[in-house]
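These notes are about the structure you will find just below.
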Amino acid sequence: MPDDPPQRVALITGASRGIGRAIALSQAALGRRVVLVSRTEGPLTEVRDLITDAGGDASVLPVDISDADAWRDALESVITDLGRLDILVNNAGVTRDGLAMRMTDEDFDTVLRTNLTSAFIACRAAARPMMKHRFGRIINIASTSGVVGNPGQANYAASKAGLIGLTKSLARELGAKGVTANAVAPGFIETGMTANLPGAVRERVRGSMAVPRLGTPEDVAAAVAYVASDEAGFLTGQVLCVDGGLTMC
């Protein structure tokens with residue numbers, strides 16, 4: 001009889017809340033061994049307990065991904081300890097909104113370092129074990145801001161557009177080794193980032209969408225679930241906009 005397939009290992013950054021939390025719970029429900037990454041351990045522990053109480057397998061990795069040295073060391077430790085990394089979801093991100101003419105260098109650099117550089121470091125670390133096992137799913141959580149731009153978000157939009165470019169380059173580099181790379185670009189999703197949107201803004205957004213509602217973290221997690229699946233091996237270098245038809249990308 002053939003050997004049972006290996007349990008896939010999925011690492012998700014920004015897993016303590018919002019979209020990252022939903023992705024982590026979804027991946028665990030699919031039988032993945034989930035590594036939960038965020039800066040603060042307490043909220044991660046809560047997500048881990050939800051997973052393990054439901055019979056899943058999860059561990060926490062509290063690390064500041066904007067600290068390149070600490071992040072690189074943490075990734076190498078995970079790969080060494082677990083022996084594999086099959087699914088990488090670069091979800092963590094920050095905003096420092098402001099008009100470009102008033103934006104400080106620090107605010108621009110902080111967003112690029114957290115949203116883009118950290119993802120590059122993770123992709124570089126994941127590529128070797130993925131190629132070794134001839135299987136890998138790299139999923140970068142971009143944004144519709146990175147597709148169409150957004151006023152007051154030059155830094156955020158640049159970081160997310162950079163993720164899309166990184167994704168496409170990785171898709172070309174790694175495809176022959178059984179590793180895919182795709183971007184999932186959420187639109188307006190009910191998270192902490194959108195909770196304080198004024199009612200008039202919400203109505204204007206809904207009026208621009210083919211599906212007239214804000215999305216949920218679970219909507220994004222469902223898209224990630226397919227992109228991360230074994231069945232999605234012919235899907236690579238794509239930008240999947242989960243936005244209710246807002247951008248039609």
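Ligands are numbered from 1 in the order shown, chains are lettered A, B, ... in the order of the structure tokens, and residues start at 1 in each chain.
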I'd like the neighbourhood of Asn115 of chain A as number ranges by chain, where a residue qualifies if any of its atoms comes within 8 Å (using only C-alpha atoms), though same-chain residues fewer than 4 positions away should be ignored. A: 92-94, 111, 119, 156, 159-160
Prev. selection, N, CA and C atoms, output as a PDB file, in the first residue's frame:
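In the end it all went to out20.pdb:
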```
ATOM      1  N   ALA A  92       0.661  39.452   7.215  1.00  0.00           N
ATOM      2  CA  ALA A  92       0.852  40.563   8.140  1.00  0.00           C
ATOM      3  C   ALA A  92       1.084  41.871   7.385  1.00  0.00           C
ATOM      4  N   GLY A  93       0.522  42.932   7.911  1.00  0.00           N
ATOM      5  CA  GLY A  93       0.724  44.237   7.291  1.00  0.00           C
ATOM      6  C   GLY A  93       0.352  45.363   8.221  1.00  0.00           C
ATOM      7  N   VAL A  94       0.899  46.536   7.953  1.00  0.00           N
ATOM      8  CA  VAL A  94       0.593  47.732   8.724  1.00  0.00           C
ATOM      9  C   VAL A  94       0.251  48.862   7.765  1.00  0.00           C
ATOM     10  N   VAL A 111       6.230  50.840   6.488  1.00  0.00           N
ATOM     11  CA  VAL A 111       5.232  50.051   5.772  1.00  0.00           C
ATOM     12  C   VAL A 111       5.894  49.121   4.757  1.00  0.00           C
ATOM     13  N   ALA A 119       7.994  39.808   3.682  1.00  0.00           N
ATOM     14  CA  ALA A 119       7.463  38.754   2.808  1.00  0.00           C
ATOM     15  C   ALA A 119       8.572  38.184   1.932  1.00  0.00           C
ATOM     16  N   TYR A 156       1.371  52.147   1.486  1.00  0.00           N
ATOM     17  CA  TYR A 156       0.668  50.863   1.543  1.00  0.00           C
ATOM     18  C   TYR A 156       0.455  50.303   0.142  1.00  0.00           C
ATOM     19  N   SER A 159       3.663  48.994  -1.255  1.00  0.00           N
ATOM     20  CA  SER A 159       4.066  47.716  -0.659  1.00  0.00           C
ATOM     21  C   SER A 159       3.260  46.565  -1.230  1.00  0.00           C
ATOM     22  N   LYS A 160       1.977  46.779  -1.447  1.00  0.00           N
ATOM     23  CA  LYS A 160       1.124  45.711  -1.973  1.00  0.00           C
ATOM     24  C   LYS A 160       1.355  45.480  -3.460  1.00  0.00           C
TER      25      LYS A 160
END
```
Can you build me a table of segment 65-178 of chain A residues sitting at most 12 Å from segment 228-234 of chain A, with the closest atom pair per residue and its distance in Å to one decimal, using only C-alpha atoms, sorted by chain and residue number, as JSON lines?
```
{"residue": "A:Asp86", "atom": "CA", "partner": "A:Ala228", "partner_atom": "CA", "distance": 9.0}
{"residue": "A:Ile87", "atom": "CA", "partner": "A:Ala228", "partner_atom": "CA", "distance": 6.5}
{"residue": "A:Leu88", "atom": "CA", "partner": "A:Ala228", "partner_atom": "CA", "distance": 8.6}
{"residue": "A:Val89", "atom": "CA", "partner": "A:Ala228", "partner_atom": "CA", "distance": 8.9}
{"residue": "A:Arg134", "atom": "CA", "partner": "A:Gly233", "partner_atom": "CA", "distance": 11.1}
{"residue": "A:Phe135", "atom": "CA", "partner": "A:Asp230", "partner_atom": "CA", "distance": 8.7}
{"residue": "A:Gly136", "atom": "CA", "partner": "A:Ala228", "partner_atom": "CA", "distance": 8.4}
{"residue": "A:Arg137", "atom": "CA", "partner": "A:Ala228", "partner_atom": "CA", "distance": 5.5}
{"residue": "A:Ile138", "atom": "CA", "partner": "A:Ala228", "partner_atom": "CA", "distance": 7.7}
{"residue": "A:Ile139", "atom": "CA", "partner": "A:Ala228", "partner_atom": "CA", "distance": 7.4}
{"residue": "A:Asn140", "atom": "CA", "partner": "A:Ala228", "partner_atom": "CA", "distance": 11.0}
{"residue": "A:Ala171", "atom": "CA", "partner": "A:Phe234", "partner_atom": "CA", "distance": 10.9}
{"residue": "A:Leu174", "atom": "CA", "partner": "A:Gly233", "partner_atom": "CA", "distance": 11.9}
{"residue": "A:Gly175", "atom": "CA", "partner": "A:Phe234", "partner_atom": "CA", "distance": 9.1}
{"residue": "A:Ala176", "atom": "CA", "partner": "A:Gly233", "partner_atom": "CA", "distance": 10.9}
{"residue": "A:Lys177", "atom": "CA", "partner": "A:Gly233", "partner_atom": "CA", "distance": 11.0}
{"residue": "A:Gly178", "atom": "CA", "partner": "A:Gly233", "partner_atom": "CA", "distance": 7.4}
```
Notebook entry, point to check: Among segment 59-202 of chain A, which residues carry a DSSP assignment of helix (DSSP H, G or I), reported as a ChimeraX atom specification?
Noted result: /A:68-82,100-102,105-132,145-148,154-177,199-202
Store the residues picked out above, limited to C-alpha atoms, as a compact mmCIF listing (two decimals), in the first residue's frame.
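Okay, this is what ended up in again_33.txt:
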```txt
# COMPACT_ATOMS: atom_id res chain seq x y z
CA ALA A 68 14.88 41.23 9.47
CA ASP A 69 17.49 39.35 11.52
CA ALA A 70 15.00 38.05 14.10
CA TRP A 71 12.52 37.07 11.38
CA ARG A 72 15.13 35.23 9.32
CA ASP A 73 16.36 33.32 12.39
CA ALA A 74 12.81 32.39 13.39
CA LEU A 75 12.01 31.03 9.93
CA GLU A 76 15.16 28.93 9.81
CA SER A 77 14.32 27.52 13.24
CA VAL A 78 10.82 26.50 12.12
CA ILE A 79 12.10 24.84 8.96
CA THR A 80 14.83 22.99 10.88
CA ASP A 81 12.47 21.82 13.62
CA LEU A 82 9.61 20.71 11.36
CA ALA A 100 2.28 61.56 -0.17
CA MET A 101 3.44 65.17 0.06
CA ARG A 102 3.21 64.99 3.86
CA ASP A 105 10.44 58.75 5.19
CA GLU A 106 9.93 56.77 8.38
CA ASP A 107 6.28 56.09 7.65
CA PHE A 108 7.11 55.02 4.10
CA ASP A 109 9.99 52.78 5.16
CA THR A 110 8.06 51.17 8.05
CA VAL A 111 5.23 50.05 5.77
CA LEU A 112 7.57 48.77 3.05
CA ARG A 113 9.73 46.92 5.59
CA THR A 114 6.78 45.24 7.31
CA ASN A 115 4.57 44.52 4.32
CA LEU A 116 7.08 43.77 1.57
CA THR A 117 10.59 43.12 2.85
CA SER A 118 9.38 40.67 5.49
CA ALA A 119 7.46 38.75 2.81
CA PHE A 120 10.57 38.56 0.63
CA ILE A 121 12.60 37.18 3.55
CA ALA A 122 9.93 34.54 4.20
CA CYS A 123 9.64 33.56 0.53
CA ARG A 124 13.41 33.21 0.23
CA ALA A 125 13.55 30.97 3.30
CA ALA A 126 10.58 28.86 2.17
CA ALA A 127 11.78 28.32 -1.38
CA ARG A 128 14.52 25.79 -0.54
CA PRO A 129 12.40 23.30 1.50
CA MET A 130 9.54 23.66 -0.97
CA MET A 131 11.79 22.85 -3.91
CA LYS A 132 13.31 19.96 -1.98
CA SER A 145 -4.89 49.23 -3.18
CA GLY A 146 -1.88 47.60 -4.81
CA VAL A 147 -3.87 47.05 -8.01
CA VAL A 148 -5.59 50.41 -8.49
CA ALA A 154 1.15 55.71 -1.32
CA ASN A 155 3.26 53.61 1.05
CA TYR A 156 0.67 50.86 1.54
CA ALA A 157 -0.25 50.69 -2.15
CA ALA A 158 3.43 50.57 -3.10
CA SER A 159 4.07 47.72 -0.66
CA LYS A 160 1.12 45.71 -1.97
CA ALA A 161 1.99 46.38 -5.62
CA GLY A 162 5.49 45.23 -4.73
CA LEU A 163 4.05 42.00 -3.35
CA ILE A 164 2.32 41.40 -6.65
CA GLY A 165 5.57 41.90 -8.57
CA LEU A 166 7.41 39.64 -6.13
CA THR A 167 4.71 36.98 -6.55
CA LYS A 168 4.93 36.98 -10.34
CA SER A 169 8.71 36.76 -10.31
CA LEU A 170 8.66 33.85 -7.86
CA ALA A 171 6.05 32.08 -9.98
CA ARG A 172 8.43 32.16 -12.95
CA GLU A 173 11.43 31.10 -10.88
CA LEU A 174 9.85 28.23 -8.95
CA GLY A 175 7.13 26.76 -11.15
CA ALA A 176 9.29 24.01 -12.61
CA LYS A 177 9.97 22.75 -9.07
CA GLY A 199 -21.23 55.31 7.23
CA ALA A 200 -21.15 57.51 4.12
CA VAL A 201 -17.90 55.88 3.00
CA ARG A 202 -19.35 52.40 3.54
```
Using only C-alpha atoms, which protein or nucleic acid residues come within 8 Å of segment 15-29 of chain A? Drop anything in the same chain fewer than 4 positions from it, and give the result as a PyMOL selection string. chain A and resi 10+33-34+36-38+43-44+47+51+56-58+91-92+191-192+217-218+220-222+224-225
Computed gap from atom CA of Ile141 of chain A to atom CA of Val211 of chain A is 20.9 Å
Report as a ChimeraX atom specification: the residues of segment 118-247 of chain A with a DSSP assignment of strand (DSSP E or B), based on the backbone of this structure. /A:136-141,153,179-186,189,215,239-242
Between atom CA of Thr247 of chain A and atom CA of Thr216 of chain A lies a distance of 17.0 Å
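Pairwise distance (atom CA of Asp49 of chain A, atom CA of Thr95 of chain A) equals 28.5 Å.
For the set A:Met209, A:Leu85, A:Ala223, A:Met248, the residue with the smallest atom-to-atom gap to His133 of chain A is A:Leu85, counting only C-alpha atoms.
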